[in-house]
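Accompanying notes for the structure given below.
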Amino acid sequence: MANHAIAQHVAALCGIPSQPTARPAVKPGYRLVPVAVGREGNVQTAYLPCPSWCITDHSQRVEFIEDVSHNGQPASLAITTRHPARVPLEVSLSWWPALGEENEQPKLAVDLDTEVEVYGRTAALAMADQLVAFAAEVRRLAETLPEDRLVDGEQA
């Protein structure tokens, strides 16, 4: 009798479709990363597509899926100065995919003294052209300066 009851349960369990174990396909240039989402004590793991340029540590828990962002390796420009309050300029790729239509694609994030602005492709290329023109003007002005004088013991 006991074997018959077990056989009935096994037969019933075999009729339940198995859950898919494969993760969804990810488009080229992306990888799936596990993200811990939820409040402490009620955390779920979601697998989200992450761009290959992203360096964000997604193992850190976020409360809401909307809090997941992707950030690239920053490039910085810090001008050497004797003033202690140096303000570096930093740019990187940034993307907050869950924040609506305006964020459906990555942007160029420009961070100047904790103020961050984001630019799409056209605006970012225009800014790059302005920076090249600015650098050319800095070079032109620098070349009009007299040669630096070396202090005893300094090398050029």
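A note on labels: chains of the structure tokens are A, B, ... as shown, every chain counts residues from 1, and ligands are counted from 1 in their shown order.
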Per residue of stretch 58-98 of chain A within 12 Å of stretch 103-110 of chain A, record the nearest atom pair and its distance in Å to one decimal, counting only C-alpha atoms, with rows in chain order and ascending residue number, as CSV.
residue,atom,partner,partner_atom,distance
A:Glu66,CA,A:Asn103,CA,11.2
A:Ser69,CA,A:Pro106,CA,9.9
A:His70,CA,A:Pro106,CA,8.4
A:Asn71,CA,A:Ala109,CA,9.0
A:Gly72,CA,A:Leu108,CA,9.5
A:Gln73,CA,A:Ala109,CA,11.1
A:Pro74,CA,A:Ala109,CA,9.2
A:Ala75,CA,A:Val110,CA,9.8
A:Ser76,CA,A:Val110,CA,9.9
A:Leu77,CA,A:Val110,CA,11.2
A:Pro88,CA,A:Val110,CA,10.6
A:Leu89,CA,A:Val110,CA,7.3
A:Glu90,CA,A:Val110,CA,5.8
A:Val91,CA,A:Val110,CA,4.6
A:Ser92,CA,A:Ala109,CA,5.4
A:Leu93,CA,A:Leu108,CA,4.8
A:Ser94,CA,A:Lys107,CA,5.4
A:Trp95,CA,A:Pro106,CA,4.5
A:Trp96,CA,A:Asn103,CA,6.0
A:Pro97,CA,A:Asn103,CA,5.5
A:Ala98,CA,A:Asn103,CA,7.4
For the structure I just gave you, how does DSSP split stretch 111-144 of chain A - specifically, which residues are alpha helix (DSSP H)? Reply as a PyMOL selection string. chain A and resi 121-143
For atom CA of A:His58 and atom CA of A:Val33, the interatomic separation in Å (one decimal): 7.2 Å
Please run DSSP on the backbone and report, as a ChimeraX atom specification, all residues within chain A that come out as strand (DSSP E). /A:30-37,44-51,70-71,75-77,89-95,107-112,115-119
I need the chosen residues saved as an mmCIF file, in the first residue's frame, with N, CA and C atoms.
data_model
loop_
_atom_site.group_PDB
_atom_site.id
_atom_site.type_symbol
_atom_site.label_atom_id
_atom_site.label_comp_id
_atom_site.auth_asym_id
_atom_site.auth_seq_id
_atom_site.Cartn_x
_atom_site.Cartn_y
_atom_site.Cartn_z
ATOM 1 N N TYR A 30 26.666 42.369 -24.516
ATOM 2 C CA TYR A 30 26.066 42.340 -23.183
ATOM 3 C C TYR A 30 26.356 40.995 -22.534
ATOM 4 N N ARG A 31 26.199 40.959 -21.222
ATOM 5 C CA ARG A 31 26.301 39.718 -20.462
ATOM 6 C C ARG A 31 25.217 39.775 -19.392
ATOM 7 N N LEU A 32 24.773 38.624 -18.926
ATOM 8 C CA LEU A 32 23.801 38.600 -17.833
ATOM 9 C C LEU A 32 24.541 38.646 -16.508
ATOM 10 N N VAL A 33 24.074 39.503 -15.615
ATOM 11 C CA VAL A 33 24.687 39.586 -14.291
ATOM 12 C C VAL A 33 23.599 39.405 -13.233
ATOM 13 N N PRO A 34 23.921 38.712 -12.157
ATOM 14 C CA PRO A 34 22.954 38.597 -11.071
ATOM 15 C C PRO A 34 22.943 39.884 -10.249
ATOM 16 N N VAL A 35 21.751 40.365 -9.943
ATOM 17 C CA VAL A 35 21.596 41.580 -9.142
ATOM 18 C C VAL A 35 20.665 41.256 -7.977
ATOM 19 N N ALA A 36 21.109 41.559 -6.776
ATOM 20 C CA ALA A 36 20.285 41.358 -5.586
ATOM 21 C C ALA A 36 19.351 42.566 -5.461
ATOM 22 N N VAL A 37 18.030 42.299 -5.512
ATOM 23 C CA VAL A 37 17.045 43.374 -5.504
ATOM 24 C C VAL A 37 16.059 43.150 -4.369
ATOM 25 N N GLN A 44 15.546 39.288 -3.728
ATOM 26 C CA GLN A 44 15.435 38.365 -4.851
ATOM 27 C C GLN A 44 16.630 38.584 -5.764
ATOM 28 N N THR A 45 17.005 37.569 -6.512
ATOM 29 C CA THR A 45 18.074 37.722 -7.494
ATOM 30 C C THR A 45 17.445 37.843 -8.870
ATOM 31 N N ALA A 46 17.772 38.947 -9.544
ATOM 32 C CA ALA A 46 17.311 39.166 -10.919
ATOM 33 C C ALA A 46 18.535 39.100 -11.819
ATOM 34 N N TYR A 47 18.378 38.519 -12.982
ATOM 35 C CA TYR A 47 19.462 38.468 -13.966
ATOM 36 C C TYR A 47 19.173 39.520 -15.025
ATOM 37 N N LEU A 48 20.057 40.505 -15.103
ATOM 38 C CA LEU A 48 19.844 41.628 -16.002
ATOM 39 C C LEU A 48 20.953 41.704 -17.047
ATOM 40 N N PRO A 49 20.623 42.165 -18.256
ATOM 41 C CA PRO A 49 21.673 42.373 -19.248
ATOM 42 C C PRO A 49 22.544 43.552 -18.834
ATOM 43 N N CYS A 50 23.836 43.381 -18.950
ATOM 44 C CA CYS A 50 24.801 44.404 -18.558
ATOM 45 C C CYS A 50 25.756 44.624 -19.728
ATOM 46 N N PRO A 51 25.933 45.874 -20.165
ATOM 47 C CA PRO A 51 26.827 46.124 -21.303
ATOM 48 C C PRO A 51 28.269 45.756 -20.972
ATOM 49 N N HIS A 70 24.413 51.316 -15.004
ATOM 50 C CA HIS A 70 25.647 50.805 -15.604
ATOM 51 C C HIS A 70 26.583 51.991 -15.821
ATOM 52 N N ASN A 71 27.835 51.820 -15.437
ATOM 53 C CA ASN A 71 28.809 52.899 -15.558
ATOM 54 C C ASN A 71 30.105 52.358 -16.124
ATOM 55 N N ALA A 75 37.241 58.610 -17.543
ATOM 56 C CA ALA A 75 38.455 59.294 -17.984
ATOM 57 C C ALA A 75 38.442 60.647 -17.293
ATOM 58 N N SER A 76 39.583 61.047 -16.747
ATOM 59 C CA SER A 76 39.644 62.280 -15.960
ATOM 60 C C SER A 76 40.655 63.258 -16.523
ATOM 61 N N LEU A 77 40.357 64.519 -16.314
ATOM 62 C CA LEU A 77 41.289 65.595 -16.619
ATOM 63 C C LEU A 77 41.370 66.455 -15.374
ATOM 64 N N LEU A 89 37.675 67.142 -14.130
ATOM 65 C CA LEU A 89 36.602 66.910 -15.080
ATOM 66 C C LEU A 89 36.650 65.423 -15.377
ATOM 67 N N GLU A 90 35.506 64.756 -15.280
ATOM 68 C CA GLU A 90 35.484 63.315 -15.492
ATOM 69 C C GLU A 90 34.344 62.968 -16.441
ATOM 70 N N VAL A 91 34.626 62.068 -17.382
ATOM 71 C CA VAL A 91 33.597 61.591 -18.307
ATOM 72 C C VAL A 91 33.576 60.067 -18.285
ATOM 73 N N SER A 92 32.394 59.515 -18.501
ATOM 74 C CA SER A 92 32.249 58.062 -18.582
ATOM 75 C C SER A 92 30.914 57.745 -19.248
ATOM 76 N N LEU A 93 30.773 56.514 -19.680
ATOM 77 C CA LEU A 93 29.478 56.059 -20.165
ATOM 78 C C LEU A 93 28.599 55.764 -18.959
ATOM 79 N N SER A 94 27.327 56.080 -19.072
ATOM 80 C CA SER A 94 26.412 55.878 -17.964
ATOM 81 C C SER A 94 25.041 55.508 -18.518
ATOM 82 N N TRP A 95 24.330 54.636 -17.779
ATOM 83 C CA TRP A 95 23.026 54.199 -18.260
ATOM 84 C C TRP A 95 22.167 53.764 -17.093
ATOM 85 N N LYS A 107 24.374 57.066 -22.150
ATOM 86 C CA LYS A 107 24.724 58.467 -22.392
ATOM 87 C C LYS A 107 26.171 58.697 -21.949
ATOM 88 N N LEU A 108 26.712 59.825 -22.364
ATOM 89 C CA LEU A 108 28.014 60.256 -21.868
ATOM 90 C C LEU A 108 27.749 61.115 -20.641
ATOM 91 N N ALA A 109 28.247 60.689 -19.493
ATOM 92 C CA ALA A 109 28.087 61.456 -18.260
ATOM 93 C C ALA A 109 29.322 62.318 -18.071
ATOM 94 N N VAL A 110 29.105 63.600 -17.835
ATOM 95 C CA VAL A 110 30.188 64.539 -17.599
ATOM 96 C C VAL A 110 30.029 65.052 -16.175
ATOM 97 N N ASP A 111 31.026 64.794 -15.351
ATOM 98 C CA ASP A 111 30.986 65.133 -13.935
ATOM 99 C C ASP A 111 32.020 66.224 -13.666
ATOM 100 N N LEU A 112 31.540 67.383 -13.260
ATOM 101 C CA LEU A 112 32.418 68.493 -12.903
ATOM 102 C C LEU A 112 32.033 68.943 -11.503
ATOM 103 N N GLU A 115 28.613 67.879 -10.081
ATOM 104 C CA GLU A 115 27.473 68.191 -10.942
ATOM 105 C C GLU A 115 27.608 67.320 -12.187
ATOM 106 N N VAL A 116 26.601 66.509 -12.464
ATOM 107 C CA VAL A 116 26.669 65.582 -13.589
ATOM 108 C C VAL A 116 25.631 65.962 -14.635
ATOM 109 N N GLU A 117 26.080 66.065 -15.869
ATOM 110 C CA GLU A 117 25.202 66.273 -17.014
ATOM 111 C C GLU A 117 25.378 65.073 -17.930
ATOM 112 N N VAL A 118 24.328 64.687 -18.632
ATOM 113 C CA VAL A 118 24.435 63.572 -19.567
ATOM 114 C C VAL A 118 24.132 64.052 -20.980
ATOM 115 N N TYR A 119 24.827 63.444 -21.937
ATOM 116 C CA TYR A 119 24.717 63.837 -23.331
ATOM 117 C C TYR A 119 24.543 62.606 -24.203
#
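Ranking A:Thr122, A:Gln130, A:Thr114, A:Thr56 by their shortest atom-to-atom distance to A:Val87, with only C-alpha atoms included, puts A:Thr114 first.
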Considering only C-alpha atoms, state which residue in the set A:Ala126, A:Val62, A:Val68, A:Ala142 is at the smallest distance from A:Glu40. A:Val62
Which distance in Å separates atom CA of A:Gly38 and atom CA of A:Phe64, to one decimal? 6.1 Å
